[in-house]
$ cat model.csv   # CSV, C-alpha atoms
chain,number,residue,atom,x,y,z
A,18,MET,CA,0.0,0.0,0.0
A,19,PRO,CA,1.5,3.4,-0.9
A,20,ALA,CA,2.7,5.4,2.2
A,21,SER,CA,0.6,8.4,1.3
A,22,PHE,CA,-2.6,6.3,1.2
A,23,SER,CA,-1.8,4.5,4.5
A,24,GLY,CA,-1.2,7.9,6.1
A,25,VAL,CA,-4.6,9.1,4.9
A,26,ILE,CA,-6.3,6.0,6.4
A,27,GLY,CA,-4.4,6.4,9.7
A,28,LYS,CA,-5.3,10.1,10.0
A,29,LYS,CA,-8.9,9.4,9.3
A,30,GLU,CA,-9.1,6.7,12.0
A,31,GLY,CA,-7.1,8.9,14.5
A,32,PHE,CA,-4.3,6.3,15.0
A,33,VAL,CA,-1.5,8.3,13.3
A,34,ALA,CA,-1.1,12.0,12.5
A,35,MET,CA,1.4,11.5,9.7
A,36,GLU,CA,4.0,9.0,8.8
A,37,GLY,CA,6.4,8.3,11.7
A,38,GLU,CA,4.2,10.2,14.1
A,39,PRO,CA,2.7,8.6,17.3
A,40,SER,CA,-1.0,7.8,17.4
A,41,GLN,CA,-3.1,10.9,18.3
A,42,LEU,CA,-5.4,8.8,20.5
A,43,ARG,CA,-2.5,7.2,22.2
A,44,ARG,CA,-0.8,10.5,22.8
A,45,ALA,CA,-3.9,12.0,24.2
A,46,PHE,CA,-4.3,9.0,26.6
A,47,VAL,CA,-0.7,9.4,27.7
A,48,ASP,CA,-1.0,13.1,28.3
A,49,ALA,CA,-4.3,12.8,30.2
A,50,THR,CA,-3.1,9.9,32.3
A,51,ALA,CA,0.3,11.3,33.1
A,52,GLY,CA,-1.2,14.7,33.8
A,53,ALA,CA,-3.8,13.3,36.2
A,54,ILE,CA,-1.2,11.1,38.1
A,55,SER,CA,1.3,14.0,38.3
A,56,GLY,CA,-1.3,16.4,39.5
A,57,GLY,CA,-2.6,14.0,42.2
A,58,ILE,CA,0.9,13.3,43.5
A,59,SER,CA,1.8,17.0,43.6
A,60,ARG,CA,-1.5,18.0,45.2
A,61,THR,CA,-1.3,15.4,48.0
A,62,VAL,CA,2.4,16.2,48.8
A,63,THR,CA,1.8,20.0,49.1
A,64,SER,CA,-1.7,20.0,50.7
A,65,PRO,CA,-0.5,21.3,54.2
A,66,LEU,CA,1.0,24.4,52.6
A,67,ASP,CA,-2.1,24.9,50.5
A,68,VAL,CA,-4.3,24.8,53.6
A,69,ILE,CA,-2.2,27.4,55.4
A,70,LYS,CA,-2.2,29.6,52.3
A,71,ILE,CA,-6.0,29.5,52.0
A,72,ARG,CA,-6.4,30.3,55.7
A,73,PHE,CA,-4.2,33.4,55.2
A,74,GLN,CA,-6.0,34.5,52.0
A,75,VAL,CA,-9.5,34.4,53.5
A,76,GLN,CA,-8.5,36.1,56.7
A,77,LEU,CA,-9.6,39.8,56.6
A,78,GLU,CA,-7.3,40.8,59.5
A,79,PRO,CA,-3.6,41.4,59.0
A,80,THR,CA,-1.5,38.2,58.7
A,81,SER,CA,1.8,39.5,60.0
A,82,SER,CA,2.9,40.5,63.6
A,83,TRP,CA,4.6,43.6,62.2
A,84,THR,CA,1.4,44.9,60.7
A,85,LEU,CA,-0.4,44.2,64.0
A,86,LEU,CA,2.1,46.3,65.9
A,87,ARG,CA,1.5,49.3,63.6
A,88,ARG,CA,-2.3,49.1,63.8
A,89,ASP,CA,-4.6,49.5,66.8
A,90,LEU,CA,-6.9,46.6,66.2
A,91,SER,CA,-9.6,45.5,68.6
A,92,THR,CA,-10.0,42.1,66.9
A,93,PRO,CA,-6.8,40.0,67.1
A,94,SER,CA,-5.7,38.1,64.0
A,95,LYS,CA,-6.1,34.3,64.1
A,96,TYR,CA,-3.0,33.6,62.0
A,97,THR,CA,0.1,35.8,62.0
A,98,GLY,CA,2.8,33.6,60.5
A,99,MET,CA,3.3,30.4,58.6
A,100,PHE,CA,4.7,28.4,61.5
A,101,GLN,CA,2.2,29.8,64.0
A,102,ALA,CA,-0.6,28.9,61.6
A,103,GLY,CA,0.8,25.4,61.2
A,104,LYS,CA,1.0,24.9,65.0
A,105,ASP,CA,-2.5,26.2,65.6
A,106,ILE,CA,-4.0,24.0,62.9
A,107,LEU,CA,-2.2,20.9,64.3
A,108,ARG,CA,-3.3,21.7,67.8
A,109,GLU,CA,-6.9,22.5,67.0
A,110,GLU,CA,-7.7,20.1,64.1
A,111,GLY,CA,-5.0,17.4,64.3
A,112,ILE,CA,-2.8,16.2,61.5
A,113,GLN,CA,-5.9,15.6,59.3
A,114,GLY,CA,-6.5,19.4,59.3
A,115,PHE,CA,-3.6,19.8,56.9
A,116,TRP,CA,-5.4,17.6,54.3
A,117,ARG,CA,-8.8,19.2,54.8
A,118,GLY,CA,-10.5,19.6,51.4
A,119,ASN,CA,-8.0,17.2,49.8
A,120,VAL,CA,-10.7,14.9,48.2
A,121,PRO,CA,-12.4,17.7,46.2
A,122,ALA,CA,-8.9,19.1,45.6
A,123,LEU,CA,-7.9,15.8,44.0
A,124,LEU,CA,-11.1,15.7,42.1
A,125,MET,CA,-10.3,19.2,40.9
A,126,VAL,CA,-6.5,18.9,40.2
A,127,MET,CA,-6.5,15.5,38.5
A,128,PRO,CA,-9.0,16.4,35.7
A,129,TYR,CA,-7.4,19.9,35.7
A,130,THR,CA,-3.9,18.6,34.9
A,131,ALA,CA,-5.2,15.9,32.6
A,132,ILE,CA,-7.0,18.5,30.5
A,133,GLN,CA,-4.2,20.9,30.8
A,134,PHE,CA,-1.4,18.6,29.5
A,135,THR,CA,-3.7,17.2,26.8
A,136,VAL,CA,-4.7,20.6,25.4
A,137,LEU,CA,-1.1,21.8,25.8
A,138,HIS,CA,0.2,18.9,23.6
A,139,ILE,CA,-2.6,19.5,21.0
A,140,PHE,CA,-1.8,23.2,20.8
A,141,LYS,CA,1.9,22.6,20.5
A,142,THR,CA,1.3,19.9,17.8
A,143,PHE,CA,-0.8,22.4,15.9
A,144,ALA,CA,1.8,25.1,16.3
A,145,SER,CA,4.8,23.0,15.4
A,146,GLY,CA,3.2,20.7,12.8
A,147,SER,CA,4.5,17.6,14.6
A,148,SER,CA,3.1,15.5,17.5
A,149,LYS,CA,6.6,14.4,18.5
A,150,THR,CA,7.4,15.9,21.9
A,151,GLU,CA,11.1,16.5,21.0
A,152,ASN,CA,10.0,18.8,18.2
A,153,HIS,CA,8.1,21.0,20.6
A,154,ASN,CA,11.3,22.1,22.2
A,155,ASN,CA,12.0,24.3,19.1
A,156,LEU,CA,8.8,26.4,19.5
A,157,SER,CA,9.3,30.1,20.1
A,158,PRO,CA,8.9,31.3,23.7
A,159,TYR,CA,5.7,33.2,22.6
A,160,LEU,CA,4.0,30.0,21.5
A,161,SER,CA,5.0,28.2,24.6
A,162,TYR,CA,3.4,31.0,26.7
A,163,ALA,CA,0.3,31.0,24.5
A,164,SER,CA,-0.1,27.2,24.6
A,165,GLY,CA,0.2,27.3,28.4
A,166,ALA,CA,-2.5,30.0,28.7
A,167,VAL,CA,-4.9,28.2,26.4
A,168,ALA,CA,-4.4,24.9,28.3
A,169,GLY,CA,-4.9,26.6,31.6
A,170,CYS,CA,-8.2,28.2,30.6
A,171,ALA,CA,-9.6,24.9,29.2
A,172,ALA,CA,-8.6,23.0,32.4
A,173,THR,CA,-10.0,25.7,34.7
A,174,VAL,CA,-13.5,25.8,33.2
A,175,GLY,CA,-13.6,22.0,33.2
A,176,SER,CA,-12.7,21.5,36.9
A,177,TYR,CA,-13.7,24.8,38.6
A,178,PRO,CA,-16.6,23.5,40.9
A,179,PHE,CA,-14.2,21.2,42.6
A,180,ASP,CA,-11.8,24.1,43.2
A,181,LEU,CA,-14.6,26.0,44.8
A,182,LEU,CA,-15.5,23.1,47.1
A,183,ARG,CA,-11.9,22.6,48.0
A,184,THR,CA,-11.5,26.2,49.1
A,185,ILE,CA,-14.6,26.2,51.2
A,186,LEU,CA,-13.7,22.9,53.0
A,187,ALA,CA,-10.1,24.0,53.6
A,188,SER,CA,-11.0,27.4,55.0
A,189,GLN,CA,-13.9,26.5,57.3
A,190,GLY,CA,-11.8,25.5,60.3
A,191,GLU,CA,-13.4,24.0,63.5
A,192,PRO,CA,-16.2,23.5,64.2
A,193,LYS,CA,-17.0,22.4,60.7
A,194,VAL,CA,-19.6,24.3,58.8
A,195,TYR,CA,-19.9,21.4,56.3
A,196,PRO,CA,-19.1,17.8,57.4
A,197,ASN,CA,-18.3,16.6,53.9
A,198,MET,CA,-18.2,17.6,50.2
A,199,ARG,CA,-21.8,16.5,49.6
A,200,SER,CA,-23.3,18.8,52.3
A,201,ALA,CA,-21.3,21.8,51.0
A,202,LEU,CA,-22.4,21.1,47.4
A,203,GLY,CA,-26.1,20.9,48.5
A,204,ASP,CA,-25.9,24.1,50.4
A,205,ILE,CA,-24.3,26.0,47.6
A,206,LEU,CA,-26.9,24.8,45.1
A,207,GLN,CA,-29.7,25.7,47.5
A,208,THR,CA,-28.4,29.2,48.5
A,209,ARG,CA,-26.6,30.3,45.4
A,210,GLY,CA,-28.0,28.1,42.7
A,211,PHE,CA,-25.9,26.5,39.9
A,212,ARG,CA,-24.1,29.8,39.2
A,213,GLY,CA,-22.8,29.5,42.8
A,214,LEU,CA,-20.5,26.6,41.7
A,215,TYR,CA,-18.7,29.1,39.5
A,216,ALA,CA,-18.4,32.0,42.0
A,217,GLY,CA,-15.0,33.7,41.4
A,218,LEU,CA,-14.5,32.2,37.9
A,219,SER,CA,-13.8,35.6,36.3
A,220,PRO,CA,-10.8,36.4,38.5
A,221,THR,CA,-9.7,32.8,38.2
A,222,LEU,CA,-9.6,33.0,34.4
A,223,VAL,CA,-7.9,36.4,34.6
A,224,GLU,CA,-5.4,34.8,36.9
A,225,ILE,CA,-4.9,31.5,35.1
A,226,ILE,CA,-4.0,33.1,31.7
A,227,PRO,CA,-0.8,34.8,32.9
A,228,TYR,CA,-0.2,32.0,35.5
A,229,ALA,CA,-0.4,29.0,33.2
A,230,GLY,CA,1.3,30.9,30.4
A,231,LEU,CA,4.2,31.9,32.7
A,232,GLN,CA,4.4,28.4,34.3
A,233,PHE,CA,4.6,26.5,31.0
A,234,GLY,CA,6.4,29.2,29.1
A,235,THR,CA,9.2,29.6,31.7
A,236,TYR,CA,9.4,25.8,32.1
A,237,ASP,CA,10.1,25.4,28.4
A,238,THR,CA,12.5,28.3,28.5
A,239,PHE,CA,14.4,26.9,31.4
A,240,LYS,CA,14.5,23.5,29.7
A,241,ARG,CA,16.0,25.0,26.5
A,242,TRP,CA,18.6,26.9,28.5
A,243,THR,CA,19.5,23.8,30.4
A,244,MET,CA,19.8,21.7,27.2
A,245,ALA,CA,22.1,24.4,25.7
A,246,TRP,CA,24.2,24.3,28.9
A,247,ASN,CA,24.4,20.5,28.7
A,248,ARG,CA,25.6,20.7,25.1
A,249,ARG,CA,28.3,23.2,26.0
A,250,GLN,CA,29.3,21.4,29.2
A,251,TYR,CA,29.6,18.0,27.6
A,252,SER,CA,30.7,19.2,24.1
A,253,ASN,CA,28.0,17.1,22.6
A,254,PRO,CA,25.6,18.9,20.1
A,255,SER,CA,23.0,16.1,20.6
A,256,ALA,CA,22.9,16.2,24.4
A,257,GLU,CA,19.2,16.9,24.6
A,258,SER,CA,18.2,14.7,27.7
A,259,LEU,CA,17.8,16.4,31.1
A,260,SER,CA,18.5,14.7,34.4
A,261,SER,CA,15.7,14.3,37.1
A,262,PHE,CA,17.4,17.0,39.1
A,263,GLN,CA,17.5,19.4,36.2
A,264,LEU,CA,13.8,18.9,35.4
A,265,PHE,CA,13.1,19.5,39.1
A,266,LEU,CA,15.0,22.8,39.1
A,267,CYS,CA,13.2,23.9,35.9
A,268,GLY,CA,9.8,23.1,37.4
A,269,LEU,CA,10.8,24.8,40.7
A,270,SER,CA,11.8,28.0,39.0
A,271,ALA,CA,8.7,28.0,36.7
A,272,GLY,CA,6.3,27.6,39.6
A,273,THR,CA,8.0,30.3,41.7
A,274,CYS,CA,8.0,32.9,38.9
A,275,ALA,CA,4.3,32.3,38.0
A,276,LYS,CA,3.1,32.4,41.6
A,277,LEU,CA,5.0,35.6,42.5
A,278,VAL,CA,3.4,37.5,39.6
A,279,CYS,CA,-0.2,36.2,39.9
A,280,HIS,CA,-0.8,35.8,43.7
A,281,PRO,CA,-3.0,38.9,44.1
A,282,LEU,CA,-5.6,37.5,41.7
A,283,ASP,CA,-5.6,34.3,43.7
A,284,VAL,CA,-6.5,36.2,46.8
A,285,VAL,CA,-9.4,37.9,45.1
A,286,LYS,CA,-10.6,34.5,43.8
A,287,LYS,CA,-10.6,33.0,47.3
A,288,ARG,CA,-12.6,35.9,48.7
A,289,PHE,CA,-15.3,35.3,46.1
A,290,GLN,CA,-15.3,31.6,46.8
A,291,ILE,CA,-16.0,31.9,50.5
A,292,GLU,CA,-18.6,34.6,50.4
A,293,GLY,CA,-21.2,33.9,53.1
A,294,LEU,CA,-19.3,31.1,54.7
A,295,GLN,CA,-20.4,31.1,58.4
A,296,ARG,CA,-17.0,30.3,60.1
A,297,HIS,CA,-16.5,30.3,63.8
A,298,PRO,CA,-15.8,33.9,65.1
A,299,ARG,CA,-12.3,33.0,66.3
A,300,TYR,CA,-11.2,32.9,62.6
A,301,GLY,CA,-11.9,36.6,62.3
A,302,ALA,CA,-14.4,38.7,60.3
A,303,ARG,CA,-16.5,36.9,57.7
A,304,VAL,CA,-16.7,37.7,54.0
A,305,GLU,CA,-20.4,38.5,53.7
A,306,HIS,CA,-22.5,37.2,50.8
A,307,ARG,CA,-22.2,39.5,47.8
A,308,ALA,CA,-19.5,41.5,49.6
A,309,TYR,CA,-17.9,42.4,46.2
A,310,LYS,CA,-19.7,43.5,43.1
A,311,ASN,CA,-17.0,42.3,40.7
A,312,MET,CA,-13.3,41.6,40.5
A,313,TYR,CA,-12.3,45.3,40.3
A,314,ASP,CA,-14.5,46.2,43.3
A,315,ALA,CA,-12.9,43.3,45.3
A,316,MET,CA,-9.4,44.5,44.6
A,317,ARG,CA,-10.3,48.1,45.4
A,318,ARG,CA,-12.0,47.1,48.7
A,319,ILE,CA,-9.1,44.9,49.7
A,320,LEU,CA,-6.6,47.7,49.0
A,321,GLN,CA,-8.7,50.2,50.9
A,322,ALA,CA,-9.3,48.1,54.0
A,323,GLU,CA,-6.1,46.0,54.1
A,324,GLY,CA,-3.5,47.8,52.0
A,325,TRP,CA,-1.2,46.2,49.5
A,326,ALA,CA,-0.3,43.6,52.0
A,327,GLY,CA,-3.9,42.3,51.7
A,328,LEU,CA,-3.3,41.3,48.1
A,329,TYR,CA,-0.3,39.3,49.2
A,330,LYS,CA,-1.7,37.5,52.1
A,331,GLY,CA,-0.4,33.9,52.1
A,332,ILE,CA,2.4,34.7,49.7
A,333,VAL,CA,5.0,32.9,51.8
A,334,PRO,CA,3.3,29.5,52.1
A,335,SER,CA,1.9,30.0,48.5
A,336,THR,CA,5.4,30.4,47.1
A,337,VAL,CA,6.9,27.7,49.3
A,338,LYS,CA,4.1,25.4,48.0
A,339,ALA,CA,4.1,26.5,44.4
A,340,ALA,CA,7.8,25.9,43.8
A,341,PRO,CA,7.8,22.2,44.8
A,342,ALA,CA,4.3,21.7,43.5
A,343,GLY,CA,5.4,22.8,40.0
A,344,ALA,CA,8.6,20.8,40.2
A,345,VAL,CA,6.8,17.6,41.3
A,346,THR,CA,4.1,18.0,38.7
A,347,PHE,CA,6.6,18.4,35.8
A,348,VAL,CA,9.0,15.7,36.9
A,349,ALA,CA,6.1,13.2,37.6
A,350,TYR,CA,4.6,14.1,34.3
A,351,GLU,CA,7.8,13.6,32.3
A,352,PHE,CA,8.5,10.3,33.9
A,353,THR,CA,5.0,9.0,33.8
A,354,SER,CA,4.5,9.9,30.1
A,355,ASP,CA,7.9,8.3,29.2
A,356,TRP,CA,6.9,5.2,31.1
A,357,LEU,CA,3.4,5.0,29.4
A,358,GLU,CA,5.0,5.6,26.0
A,359,SER,CA,7.5,2.7,26.6
A,360,ILE,CA,4.8,0.2,27.5
A,361,LEU,CA,2.4,1.3,24.7
A,362,THR,CA,4.9,1.2,21.9
$ encode --input "model.csv" --output "structure tokens"
Amino acid sequence: MPASFSGVIGKKEGFVAMEGEPSQLRRAFVDATAGAISGGISRTVTSPLDVIKIRFQVQLEPTSSWTLLRRDLSTPSKYTGMFQAGKDILREEGIQGFWRGNVPALLMVMPYTAIQFTVLHIFKTFASGSSKTENHNNLSPYLSYASGAVAGCAATVGSYPFDLLRTILASQGEPKVYPNMRSALGDILQTRGFRGLYAGLSPTLVEIIPYAGLQFGTYDTFKRWTMAWNRRQYSNPSAESLSSFQLFLCGLSAGTCAKLVCHPLDVVKKRFQIEGLQRHPRYGARVEHRAYKNMYDAMRRILQAEGWAGLYKGIVPSTVKAAPAGAVTFVAYEFTSDWLESILT
């Protein structure tokens, strides 16, 4: 059978994109599976830092002892430092408090990373004209950033309700407002309707475009720089492979850069997500239902009431968490996808 004719048949059936290219269906399966596994591993490992970060972000009072000294506040802050918050959560809620909301978080992050890596590969395949991963390293930085942003938007819309439930369960403290995910879901649907499951989606999308674009764009950029360094170091023009440690460092740097730039939008998103949550008074003032008209109004009110520090609440645990989370995600994805490719070929 002529090669061109077999290529047409393969493309029609979705098994090959072009001669010598891997199956499109197989590649999508590899990306989705590797993405879900890497996201689940990363999420579980970094859950304690995420819980601390969320507690800071939804606290209306200052989150640092230095700010408390400068202000005459009648209401004390529940959390004033990362280590103090960790000790309080451990004492009041036990070790399981650090994994509060982890089930909806896994239900959110596993489909999120599965969709993200699948869409990312599809976009890069379209941009480069090849479905081979090694050919994607030659994409321009602009296309790497754009592909990350598109993948992040698609993944966010597909998994957002679980992100909302994760935030609510992780921020409620003790005594619990909702004993489980089902009760939280039922109350949201009853009080806010179906639209309530997407509260805060606008600032999330505004955040995820630069965040995912920076994360994947800088990761690809750091990989290219590391490959170039390897070629110079070992005097081998074909030294393209990176060690596990080098992949870890690339992911670490990418996660840190993205989080530092986009953290204020994450704070705004969290405030929208917990509107109306009736937490115990010891956790400070509550965010009332419909407290903010829109994203701009939320940022203005936070700046007015809490200053610039309000938009960076939780930045320390957030950055400490984002760096290893990004590194673990990328390393786990690279290894899982290579392993799946090896057993499927």
$ atom_distance --input "model.csv" --atom1 "CA of Thr50 (chain A)" --atom2 "CA of Phe179 (chain A)"
18.9 Å
$ residues_around --input "model.csv" --residues "region 325-336 of chain A" --least-positions-apart "5" --cutoff "7 Å" --atoms "all atoms listed in the file" --output "list in words"
Leu66, Asp67, Ile69, Lys70, Phe73, Gln74, Thr80, Met99, Thr273, Lys276, Leu277, His280, Pro281, Val284, Ile319 and Leu320 of chain A
$ closest_residue --input "model.csv" --among "A:Thr142, A:Gln232, A:Asn152, A:Gln290" --to "Val304 (chain A)" --atoms "all atoms listed in the file"
A:Gln290
$ residues_around --input "model.csv" --residues "region 350-354 of chain A" --least-positions-apart "6" --cutoff "9 Å" --atoms "all atoms listed in the file" --output "PyMOL selection string"
chain A and resi 47-48+50-56+134+261+264
$ atom_distance --input "model.csv" --atom1 "CA of Ser145 (chain A)" --atom2 "CA of Thr235 (chain A)"
18.1 Å
$ residues_near_point --input "model.csv" --point "(-1.8, 30.4, 59.7)" --cutoff "9 Å" --atoms "only C-alpha atoms" --output "PyMOL selection string"
chain A and resi 68-73+80+95-106+331
$ atom_distance --input "model.csv" --atom1 "CA of Ile291 (chain A)" --atom2 "CA of Glu110 (chain A)"
19.8 Å
$ residues_around --input "model.csv" --residues "Ala201 (chain A)" --least-positions-apart "4" --cutoff "9 Å" --atoms "only C-alpha atoms" --output "mmCIF file with C-alpha atoms, in the coordinates of the input"
data_model
loop_
_atom_site.group_PDB
_atom_site.id
_atom_site.type_symbol
_atom_site.label_atom_id
_atom_site.label_comp_id
_atom_site.auth_asym_id
_atom_site.auth_seq_id
_atom_site.Cartn_x
_atom_site.Cartn_y
_atom_site.Cartn_z
ATOM 1 C CA LEU A 182 -15.500 23.100 47.100
ATOM 2 C CA ILE A 185 -14.600 26.200 51.200
ATOM 3 C CA LEU A 186 -13.700 22.900 53.000
ATOM 4 C CA VAL A 194 -19.600 24.300 58.800
ATOM 5 C CA TYR A 195 -19.900 21.400 56.300
ATOM 6 C CA PRO A 196 -19.100 17.800 57.400
ATOM 7 C CA ASN A 197 -18.300 16.600 53.900
ATOM 8 C CA ILE A 205 -24.300 26.000 47.600
ATOM 9 C CA LEU A 206 -26.900 24.800 45.100
#
$ closest_residue --input "model.csv" --among "A:Ala322, A:Leu181, A:Leu77, A:Ala171" --to "Leu124 (chain A)" --atoms "all atoms listed in the file"
A:Leu181
$ residues_around --input "model.csv" --residues "Gln263 (chain A)" --least-positions-apart "4" --cutoff "9 Å" --atoms "all atoms listed in the file" --output "list of chain:residue names"
A:Lys240, A:Thr243, A:Leu259, A:Cys267, A:Gly268
$ decode --input "model.csv" --residues "region 102-126 of chain A" --atoms "N, CA and C atoms" --output "PDB file, in the first residue's frame"
ATOM      1  N   ALA A 102       0.603  29.469  62.226  1.00  0.00           N
ATOM      2  CA  ALA A 102      -0.613  28.906  61.647  1.00  0.00           C
ATOM      3  C   ALA A 102      -0.546  27.382  61.627  1.00  0.00           C
ATOM      4  N   GLY A 103       0.609  26.856  61.271  1.00  0.00           N
ATOM      5  CA  GLY A 103       0.779  25.406  61.238  1.00  0.00           C
ATOM      6  C   GLY A 103       0.591  24.782  62.609  1.00  0.00           C
ATOM      7  N   LYS A 104       1.154  25.431  63.648  1.00  0.00           N
ATOM      8  CA  LYS A 104       1.010  24.909  65.014  1.00  0.00           C
ATOM      9  C   LYS A 104      -0.442  24.972  65.478  1.00  0.00           C
ATOM     10  N   ASP A 105      -1.135  26.071  65.150  1.00  0.00           N
ATOM     11  CA  ASP A 105      -2.538  26.218  65.552  1.00  0.00           C
ATOM     12  C   ASP A 105      -3.428  25.172  64.885  1.00  0.00           C
ATOM     13  N   ILE A 106      -3.224  24.970  63.599  1.00  0.00           N
ATOM     14  CA  ILE A 106      -4.026  23.977  62.879  1.00  0.00           C
ATOM     15  C   ILE A 106      -3.778  22.579  63.436  1.00  0.00           C
ATOM     16  N   LEU A 107      -2.514  22.267  63.728  1.00  0.00           N
ATOM     17  CA  LEU A 107      -2.174  20.950  64.278  1.00  0.00           C
ATOM     18  C   LEU A 107      -2.792  20.759  65.662  1.00  0.00           C
ATOM     19  N   ARG A 108      -2.753  21.796  66.484  1.00  0.00           N
ATOM     20  CA  ARG A 108      -3.295  21.688  67.840  1.00  0.00           C
ATOM     21  C   ARG A 108      -4.825  21.598  67.844  1.00  0.00           C
ATOM     22  N   GLU A 109      -5.481  22.381  67.000  1.00  0.00           N
ATOM     23  CA  GLU A 109      -6.939  22.472  67.033  1.00  0.00           C
ATOM     24  C   GLU A 109      -7.637  21.419  66.170  1.00  0.00           C
ATOM     25  N   GLU A 110      -6.991  21.004  65.091  1.00  0.00           N
ATOM     26  CA  GLU A 110      -7.667  20.127  64.136  1.00  0.00           C
ATOM     27  C   GLU A 110      -6.957  18.800  63.912  1.00  0.00           C
ATOM     28  N   GLY A 111      -5.772  18.659  64.485  1.00  0.00           N
ATOM     29  CA  GLY A 111      -5.016  17.431  64.290  1.00  0.00           C
ATOM     30  C   GLY A 111      -4.316  17.406  62.944  1.00  0.00           C
ATOM     31  N   ILE A 112      -3.561  16.337  62.720  1.00  0.00           N
ATOM     32  CA  ILE A 112      -2.791  16.220  61.473  1.00  0.00           C
ATOM     33  C   ILE A 112      -3.695  16.206  60.251  1.00  0.00           C
ATOM     34  N   GLN A 113      -4.937  15.682  60.409  1.00  0.00           N
ATOM     35  CA  GLN A 113      -5.861  15.614  59.268  1.00  0.00           C
ATOM     36  C   GLN A 113      -6.298  16.999  58.802  1.00  0.00           C
ATOM     37  N   GLY A 114      -6.127  18.016  59.683  1.00  0.00           N
ATOM     38  CA  GLY A 114      -6.487  19.373  59.296  1.00  0.00           C
ATOM     39  C   GLY A 114      -5.680  19.884  58.119  1.00  0.00           C
ATOM     40  N   PHE A 115      -4.464  19.365  57.965  1.00  0.00           N
ATOM     41  CA  PHE A 115      -3.607  19.793  56.856  1.00  0.00           C
ATOM     42  C   PHE A 115      -4.046  19.200  55.515  1.00  0.00           C
ATOM     43  N   TRP A 116      -4.910  18.199  55.573  1.00  0.00           N
ATOM     44  CA  TRP A 116      -5.420  17.601  54.329  1.00  0.00           C
ATOM     45  C   TRP A 116      -6.921  17.835  54.186  1.00  0.00           C
ATOM     46  N   ARG A 117      -7.412  18.870  54.903  1.00  0.00           N
ATOM     47  CA  ARG A 117      -8.826  19.203  54.796  1.00  0.00           C
ATOM     48  C   ARG A 117      -9.128  19.724  53.394  1.00  0.00           C
ATOM     49  N   GLY A 118     -10.166  19.174  52.788  1.00  0.00           N
ATOM     50  CA  GLY A 118     -10.514  19.572  51.424  1.00  0.00           C
ATOM     51  C   GLY A 118      -9.686  18.874  50.369  1.00  0.00           C
ATOM     52  N   ASN A 119      -8.905  17.841  50.765  1.00  0.00           N
ATOM     53  CA  ASN A 119      -8.017  17.205  49.788  1.00  0.00           C
ATOM     54  C   ASN A 119      -8.772  16.347  48.773  1.00  0.00           C
ATOM     55  N   VAL A 120      -9.923  15.769  49.188  1.00  0.00           N
ATOM     56  CA  VAL A 120     -10.697  14.944  48.240  1.00  0.00           C
ATOM     57  C   VAL A 120     -11.228  15.791  47.091  1.00  0.00           C
ATOM     58  N   PRO A 121     -11.963  16.901  47.375  1.00  0.00           N
ATOM     59  CA  PRO A 121     -12.364  17.740  46.236  1.00  0.00           C
ATOM     60  C   PRO A 121     -11.174  18.360  45.515  1.00  0.00           C
ATOM     61  N   ALA A 122     -10.060  18.567  46.257  1.00  0.00           N
ATOM     62  CA  ALA A 122      -8.861  19.102  45.600  1.00  0.00           C
ATOM     63  C   ALA A 122      -8.322  18.110  44.577  1.00  0.00           C
ATOM     64  N   LEU A 123      -8.312  16.817  44.943  1.00  0.00           N
ATOM     65  CA  LEU A 123      -7.871  15.790  43.992  1.00  0.00           C
ATOM     66  C   LEU A 123      -8.846  15.671  42.832  1.00  0.00           C
ATOM     67  N   LEU A 124     -10.147  15.755  43.138  1.00  0.00           N
ATOM     68  CA  LEU A 124     -11.148  15.711  42.074  1.00  0.00           C
ATOM     69  C   LEU A 124     -11.033  16.918  41.157  1.00  0.00           C
ATOM     70  N   MET A 125     -10.484  18.009  41.691  1.00  0.00           N
ATOM     71  CA  MET A 125     -10.252  19.191  40.875  1.00  0.00           C
ATOM     72  C   MET A 125      -8.950  19.096  40.097  1.00  0.00           C
ATOM     73  N   VAL A 126      -7.857  18.762  40.812  1.00  0.00           N
ATOM     74  CA  VAL A 126      -6.539  18.866  40.200  1.00  0.00           C
ATOM     75  C   VAL A 126      -6.253  17.749  39.202  1.00  0.00           C
TER      76      VAL A 126
END
